[in-house]
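Text of coords_17.cif, listed as mmCIF, C-alpha atoms, pLDDT in the B column; chains and numbers go by the auth columns:
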data_model
#
loop_
_atom_site.group_PDB
_atom_site.id
_atom_site.type_symbol
_atom_site.label_atom_id
_atom_site.label_comp_id
_atom_site.label_asym_id
_atom_site.label_seq_id
_atom_site.Cartn_x
_atom_site.Cartn_y
_atom_site.Cartn_z
_atom_site.B_iso_or_equiv
_atom_site.auth_seq_id
_atom_site.auth_asym_id
ATOM 1 C CA MET A 1 69.016 105.936 14.455 79.00 1 A
ATOM 2 C CA THR A 2 67.287 105.228 17.772 88.00 2 A
ATOM 3 C CA TYR A 3 64.591 103.249 15.980 87.00 3 A
ATOM 4 C CA VAL A 4 67.194 101.050 14.314 88.00 4 A
ATOM 5 C CA VAL A 5 68.828 100.257 17.656 88.00 5 A
ATOM 6 C CA VAL A 6 65.451 99.471 19.263 89.00 6 A
ATOM 7 C CA ALA A 7 64.487 97.285 16.293 89.00 7 A
ATOM 8 C CA LEU A 8 67.769 95.354 16.552 91.00 8 A
ATOM 9 C CA VAL A 9 67.368 94.833 20.310 91.00 9 A
ATOM 10 C CA VAL A 10 63.755 93.611 19.908 91.00 10 A
ATOM 11 C CA THR A 11 64.759 91.300 17.054 94.00 11 A
ATOM 12 C CA ASN A 12 67.634 89.838 19.075 93.00 12 A
ATOM 13 C CA VAL A 13 65.418 89.316 22.142 92.00 13 A
ATOM 14 C CA LEU A 14 62.777 87.569 20.012 92.00 14 A
ATOM 15 C CA THR A 15 65.442 85.399 18.370 93.00 15 A
ATOM 16 C CA LEU A 16 66.841 84.406 21.758 92.00 16 A
ATOM 17 C CA LEU A 17 63.340 83.589 23.044 91.00 17 A
ATOM 18 C CA ASN A 18 62.653 81.506 19.932 92.00 18 A
ATOM 19 C CA LEU A 19 65.919 79.598 20.442 89.00 19 A
ATOM 20 C CA LEU A 20 65.070 78.836 24.081 89.00 20 A
ATOM 21 C CA LEU A 21 61.611 77.566 23.123 89.00 21 A
ATOM 22 C CA LEU A 22 63.093 75.411 20.372 88.00 22 A
ATOM 23 C CA LEU A 23 65.591 73.867 22.790 87.00 23 A
ATOM 24 C CA GLY A 24 62.721 73.087 25.170 85.00 24 A
ATOM 25 C CA VAL A 25 60.788 71.332 22.383 85.00 25 A
ATOM 26 C CA ILE A 26 63.847 69.310 21.388 85.00 26 A
ATOM 27 C CA ARG A 27 64.369 68.223 25.007 83.00 27 A
ATOM 28 C CA ARG A 28 60.724 67.117 25.254 82.00 28 A
ATOM 29 C CA LEU A 29 60.938 65.184 21.990 80.00 29 A
ATOM 30 C CA ARG A 30 64.034 63.353 23.199 79.00 30 A
ATOM 31 C CA GLU A 31 62.110 62.247 26.300 75.00 31 A
ATOM 32 C CA GLN A 32 59.387 60.620 24.180 68.00 32 A
ATOM 33 C CA PRO A 33 59.614 56.826 23.845 59.00 33 A
ATOM 34 C CA VAL A 34 60.667 55.684 20.394 50.00 34 A
ATOM 35 C CA PRO A 35 58.947 52.571 18.978 45.00 35 A
ATOM 36 C CA PRO A 36 61.211 49.742 17.773 42.00 36 A
ATOM 37 C CA HIS A 37 62.414 50.024 14.194 40.00 37 A
ATOM 38 C CA GLY A 38 59.648 49.101 11.777 42.00 38 A
ATOM 39 C CA ASP A 39 56.796 49.229 14.245 42.00 39 A
ATOM 40 C CA HIS A 40 53.719 51.257 13.650 44.00 40 A
ATOM 41 C CA PRO A 41 50.697 51.790 15.863 42.00 41 A
ATOM 42 C CA ALA A 42 49.180 48.553 17.139 43.00 42 A
ATOM 43 C CA ASP A 43 45.743 49.592 15.904 47.00 43 A
ATOM 44 C CA ASP A 44 46.854 49.493 12.257 69.00 44 A
ATOM 45 C CA GLY A 45 44.933 46.869 10.359 83.00 45 A
ATOM 46 C CA LEU A 46 42.455 44.349 11.667 86.00 46 A
ATOM 47 C CA PRO A 47 42.895 43.415 15.321 89.00 47 A
ATOM 48 C CA VAL A 48 43.240 39.813 16.472 90.00 48 A
ATOM 49 C CA GLY A 49 39.867 38.079 16.622 89.00 49 A
ATOM 50 C CA THR A 50 38.381 40.023 13.706 89.00 50 A
ATOM 51 C CA GLN A 51 36.980 38.368 10.600 90.00 51 A
ATOM 52 C CA VAL A 52 38.579 39.506 7.325 91.00 52 A
ATOM 53 C CA GLU A 53 36.136 41.166 4.936 90.00 53 A
ATOM 54 C CA ALA A 54 35.431 39.358 1.678 90.00 54 A
ATOM 55 C CA PHE A 55 37.701 40.347 -1.178 92.00 55 A
ATOM 56 C CA GLU A 56 38.547 39.141 -4.638 92.00 56 A
ATOM 57 C CA THR A 57 41.526 40.164 -6.738 93.00 57 A
ATOM 58 C CA THR A 58 44.069 38.694 -9.136 92.00 58 A
ATOM 59 C CA ASP A 59 47.656 37.735 -8.362 93.00 59 A
ATOM 60 C CA VAL A 60 50.622 38.463 -10.626 93.00 60 A
ATOM 61 C CA ASP A 61 50.206 35.012 -12.229 93.00 61 A
ATOM 62 C CA GLY A 62 46.673 35.925 -13.353 93.00 62 A
ATOM 63 C CA GLN A 63 44.997 33.620 -10.817 93.00 63 A
ATOM 64 C CA ALA A 64 41.985 34.718 -8.783 91.00 64 A
ATOM 65 C CA VAL A 65 42.615 35.323 -5.085 92.00 65 A
ATOM 66 C CA ARG A 66 39.612 35.249 -2.767 90.00 66 A
ATOM 67 C CA GLY A 67 39.684 35.957 0.937 87.00 67 A
ATOM 68 C CA ASP A 68 37.376 33.059 1.756 86.00 68 A
ATOM 69 C CA GLU A 69 39.698 30.611 -0.009 87.00 69 A
ATOM 70 C CA LEU A 70 42.843 31.350 1.999 88.00 70 A
ATOM 71 C CA PRO A 71 43.941 28.192 3.839 88.00 71 A
ATOM 72 C CA ALA A 72 44.059 27.770 7.612 84.00 72 A
ATOM 73 C CA GLU A 73 47.165 29.332 9.163 86.00 73 A
ATOM 74 C CA ALA A 74 47.786 31.391 6.012 90.00 74 A
ATOM 75 C CA ILE A 75 49.991 34.434 6.448 94.00 75 A
ATOM 76 C CA VAL A 76 49.360 37.684 4.615 94.00 76 A
ATOM 77 C CA GLY A 77 52.118 40.272 4.383 95.00 77 A
ATOM 78 C CA PHE A 78 51.786 43.859 3.195 94.00 78 A
ATOM 79 C CA PHE A 79 54.850 45.630 1.804 95.00 79 A
ATOM 80 C CA SER A 80 55.589 48.957 0.144 93.00 80 A
ATOM 81 C CA PRO A 81 58.642 49.487 -2.083 93.00 81 A
ATOM 82 C CA GLY A 82 61.013 52.125 -0.730 89.00 82 A
ATOM 83 C CA CYS A 83 60.006 51.387 2.872 89.00 83 A
ATOM 84 C CA GLY A 84 63.089 50.626 5.027 91.00 84 A
ATOM 85 C CA PRO A 85 61.252 48.421 7.551 93.00 85 A
ATOM 86 C CA CYS A 86 59.635 46.515 4.640 93.00 86 A
ATOM 87 C CA GLU A 87 63.063 45.837 3.179 93.00 87 A
ATOM 88 C CA ALA A 88 64.252 44.556 6.568 93.00 88 A
ATOM 89 C CA LEU A 89 61.215 42.283 7.041 94.00 89 A
ATOM 90 C CA LEU A 90 61.153 40.869 3.502 94.00 90 A
ATOM 91 C CA PRO A 91 63.875 38.172 3.968 94.00 91 A
ATOM 92 C CA LYS A 92 62.242 37.057 7.232 93.00 92 A
ATOM 93 C CA PHE A 93 58.851 36.832 5.517 94.00 93 A
ATOM 94 C CA VAL A 94 60.401 34.777 2.699 94.00 94 A
ATOM 95 C CA ALA A 95 62.091 32.405 5.188 92.00 95 A
ATOM 96 C CA HIS A 96 58.893 32.025 7.219 91.00 96 A
ATOM 97 C CA SER A 97 56.842 31.384 4.066 91.00 97 A
ATOM 98 C CA GLU A 98 59.291 28.681 2.934 90.00 98 A
ATOM 99 C CA ALA A 99 58.639 26.821 6.205 88.00 99 A
ATOM 100 C CA LEU A 100 54.850 26.792 5.811 88.00 100 A
ATOM 101 C CA PRO A 101 53.436 23.307 5.183 86.00 101 A
ATOM 102 C CA GLY A 102 51.056 24.436 2.411 84.00 102 A
ATOM 103 C CA GLY A 103 53.823 25.915 0.270 85.00 103 A
ATOM 104 C CA ARG A 104 53.259 29.156 -1.585 88.00 104 A
ATOM 105 C CA GLU A 105 49.465 28.721 -1.357 90.00 105 A
ATOM 106 C CA SER A 106 49.742 29.373 2.402 92.00 106 A
ATOM 107 C CA ALA A 107 51.305 32.813 1.983 93.00 107 A
ATOM 108 C CA LEU A 108 49.936 35.918 0.328 95.00 108 A
ATOM 109 C CA ALA A 109 52.162 38.951 -0.217 95.00 109 A
ATOM 110 C CA VAL A 110 50.567 42.266 -1.112 95.00 110 A
ATOM 111 C CA VAL A 111 52.894 44.875 -2.597 95.00 111 A
ATOM 112 C CA VAL A 112 51.462 48.385 -2.708 94.00 112 A
ATOM 113 C CA GLY A 113 52.887 50.464 -5.539 92.00 113 A
ATOM 114 C CA THR A 114 53.046 50.687 -9.295 91.00 114 A
ATOM 115 C CA PRO A 115 54.040 47.549 -11.208 91.00 115 A
ATOM 116 C CA ASP A 116 57.451 49.103 -11.933 92.00 116 A
ATOM 117 C CA GLU A 117 58.032 49.943 -8.256 92.00 117 A
ATOM 118 C CA ALA A 118 56.864 46.487 -7.169 93.00 118 A
ATOM 119 C CA ALA A 119 58.893 44.469 -9.708 93.00 119 A
ATOM 120 C CA ASP A 120 61.822 43.663 -7.375 94.00 120 A
ATOM 121 C CA TYR A 121 59.484 42.609 -4.545 95.00 121 A
ATOM 122 C CA VAL A 122 57.458 40.438 -6.944 95.00 122 A
ATOM 123 C CA VAL A 123 60.600 38.579 -8.034 95.00 123 A
ATOM 124 C CA ARG A 124 61.753 38.032 -4.451 95.00 124 A
ATOM 125 C CA LEU A 125 58.338 36.933 -3.141 95.00 125 A
ATOM 126 C CA SER A 126 56.872 34.927 -6.039 94.00 126 A
ATOM 127 C CA ARG A 127 58.682 31.682 -5.305 94.00 127 A
ATOM 128 C CA VAL A 128 57.324 31.454 -1.737 94.00 128 A
ATOM 129 C CA ALA A 129 53.972 33.280 -1.873 95.00 129 A
ATOM 130 C CA ARG A 130 51.151 34.307 -4.114 94.00 130 A
ATOM 131 C CA VAL A 131 51.786 37.978 -4.882 96.00 131 A
ATOM 132 C CA VAL A 132 49.234 40.711 -5.464 95.00 132 A
ATOM 133 C CA VAL A 133 50.277 44.187 -6.590 95.00 133 A
ATOM 134 C CA GLU A 134 47.871 46.947 -5.575 92.00 134 A
ATOM 135 C CA ASP A 135 48.273 50.498 -6.794 88.00 135 A
ATOM 136 C CA SER A 136 46.868 52.087 -3.641 83.00 136 A
ATOM 137 C CA PRO A 137 46.522 51.222 0.062 79.00 137 A
ATOM 138 C CA GLY A 138 42.726 51.192 -0.221 79.00 138 A
ATOM 139 C CA ALA A 139 42.567 48.575 -2.987 89.00 139 A
ATOM 140 C CA ALA A 140 40.818 45.209 -2.506 90.00 140 A
ATOM 141 C CA VAL A 141 43.123 43.324 -0.117 92.00 141 A
ATOM 142 C CA GLY A 142 44.407 46.395 1.718 91.00 142 A
ATOM 143 C CA HIS A 143 40.819 47.498 2.314 91.00 143 A
ATOM 144 C CA ALA A 144 39.762 44.058 3.554 92.00 144 A
ATOM 145 C CA PHE A 145 42.575 44.056 6.131 93.00 145 A
ATOM 146 C CA ARG A 146 42.331 47.832 6.824 92.00 146 A
ATOM 147 C CA VAL A 147 46.073 48.281 6.355 91.00 147 A
ATOM 148 C CA SER A 148 47.612 51.738 6.231 84.00 148 A
ATOM 149 C CA GLY A 149 51.113 51.098 7.661 88.00 149 A
ATOM 150 C CA TYR A 150 53.889 48.997 6.203 91.00 150 A
ATOM 151 C CA PRO A 151 55.040 46.362 6.759 93.00 151 A
ATOM 152 C CA THR A 152 52.113 44.544 8.327 93.00 152 A
ATOM 153 C CA VAL A 153 51.722 40.773 8.689 94.00 153 A
ATOM 154 C CA PHE A 154 48.610 38.776 9.561 93.00 154 A
ATOM 155 C CA GLN A 155 47.997 35.116 10.236 93.00 155 A
ATOM 156 C CA LEU A 156 44.507 33.705 9.746 91.00 156 A
ATOM 157 C CA ASP A 157 42.720 30.668 11.091 89.00 157 A
ATOM 158 C CA GLY A 158 40.637 28.392 8.872 82.00 158 A
ATOM 159 C CA ASP A 159 37.600 30.672 9.134 85.00 159 A
ATOM 160 C CA GLY A 160 39.376 33.839 7.984 87.00 160 A
ATOM 161 C CA THR A 161 39.738 35.252 11.489 90.00 161 A
ATOM 162 C CA VAL A 162 42.927 37.140 12.372 91.00 162 A
ATOM 163 C CA VAL A 163 44.976 35.217 14.955 91.00 163 A
ATOM 164 C CA PHE A 164 48.115 37.371 14.624 90.00 164 A
ATOM 165 C CA SER A 165 48.693 40.950 13.529 88.00 165 A
ATOM 166 C CA GLY A 166 51.943 42.875 13.693 88.00 166 A
ATOM 167 C CA ALA A 167 54.852 44.570 11.997 87.00 167 A
ATOM 168 C CA SER A 168 57.322 41.747 12.666 84.00 168 A
ATOM 169 C CA LEU A 169 57.454 37.967 12.670 83.00 169 A
ATOM 170 C CA GLU A 170 59.219 37.400 15.991 79.00 170 A
ATOM 171 C CA ARG A 171 56.087 36.210 17.825 76.00 171 A
ATOM 172 C CA LEU A 172 54.586 34.370 14.866 75.00 172 A
ATOM 173 C CA PRO A 173 55.030 30.600 15.312 63.00 173 A
ATOM 174 C CA VAL A 174 55.779 28.328 12.378 59.00 174 A
ATOM 175 C CA PRO A 175 52.800 25.968 12.017 58.00 175 A
ATOM 176 C CA ALA A 176 53.466 22.270 12.587 55.00 176 A
ATOM 177 C CA GLU A 177 53.181 19.996 9.576 53.00 177 A
#
Starting from the file, give its structure as structure tokens.
Amino acid sequence: MTYVVVALVVTNVLTLLNLLLLLGVIRRLREQPVPPHGDHPADDGLPVGTQVEAFETTDVDGQAVRGDELPAEAIVGFFSPGCGPCEALLPKFVAHSEALPGGRESALAVVVGTPDEAADYVVRLSRVARVVVEDSPGAAVGHAFRVSGYPTVFQLDGDGTVVFSGASLERLPVPAE
């Protein structure tokens, strides 16, 4: 009987200690800064000033897409179906792409997922951008841009150098015609 009482007391003390430690962890986590919705680490993807690696793939229309053939001031957006921030950025990407002087040739949208998962994104993006569906983040275009977080948007200069990289379009200017 004494052993049962001692066991219960020790268990209760350990439970109380565990609860206090958990409350301390929760307090510390609440003190941590929270990034804005949709942001991911700034080091995701190629940094500004970096040349995009050569790549070649095929868009959903069956046309070849080569990295060295992207026009000056082209934007490249990476999206993943089921990603909340991607869903929030998609209409802004579409609106920005509509304003580009080169039409849909000046925008490339990369959707990472199976063709079935990507179908809705393809429909929504196809009228304003060339669309590539890649089955994994490390496929041709994703590898060339070193993307692992979604959404991510890049703008390139005429030489294929990144002049903008981010998870939003707020700071991305619309090119003049």
Centre, edges in Å (one decimal): axis-aligned box, range 65-81 of chain A, 5 Å padding on all six sides, as lines of an AutoDock Vina configuration file:
center_x = 48.0
center_y = 38.6
center_z = 2.0
size_x = 31.3
size_y = 31.7
size_z = 24.2
Pick from A:Phe145, A:Tyr3, A:Tyr121, A:Phe154: nearest to Leu172 in chain A, with all atoms listed in the file counted?
A:Phe154
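Relative to CA of Thr161 in chain A, CA of Pro81 in chain A is found at 27.3 Å.
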d(CA of Thr2 in chain A, CA of Leu21 in chain A) in Å:
28.7 Å
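Using only C-alpha atoms, the protein and nucleic acid residues lying no more than 7 Å from range 52-59 of chain A, apart from those fewer than 4 places from it along its own chain, are A:Gln63, A:Ala64, A:Val65, A:Arg66, A:Gly67, A:Asp68, A:Arg130, A:Val131, A:Val132, A:Ala140, A:Val141, A:Ala144, A:Phe145, A:Gly160, A:Thr161.
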Report, in Å to a single decimal, how far apart CA of Ser106 in chain A and CA of Ser165 in chain A are.
16.1 Å
Can you list, as a VMD selection string, every protein, DNA or RNA residue that comes within 12 Å of range 126-129 of chain A when you count all atoms listed in the file, leaving out same-chain residues fewer than 6 positions away?
chain A and resid 59 to 61 65 70 74 to 78 90 to 111 118 to 120
Of the listed residues A:Gly62, A:Pro137, A:Thr114, A:Pro151, that which approaches Glu87 in chain A most closely, counting all atoms listed in the file:
A:Pro151
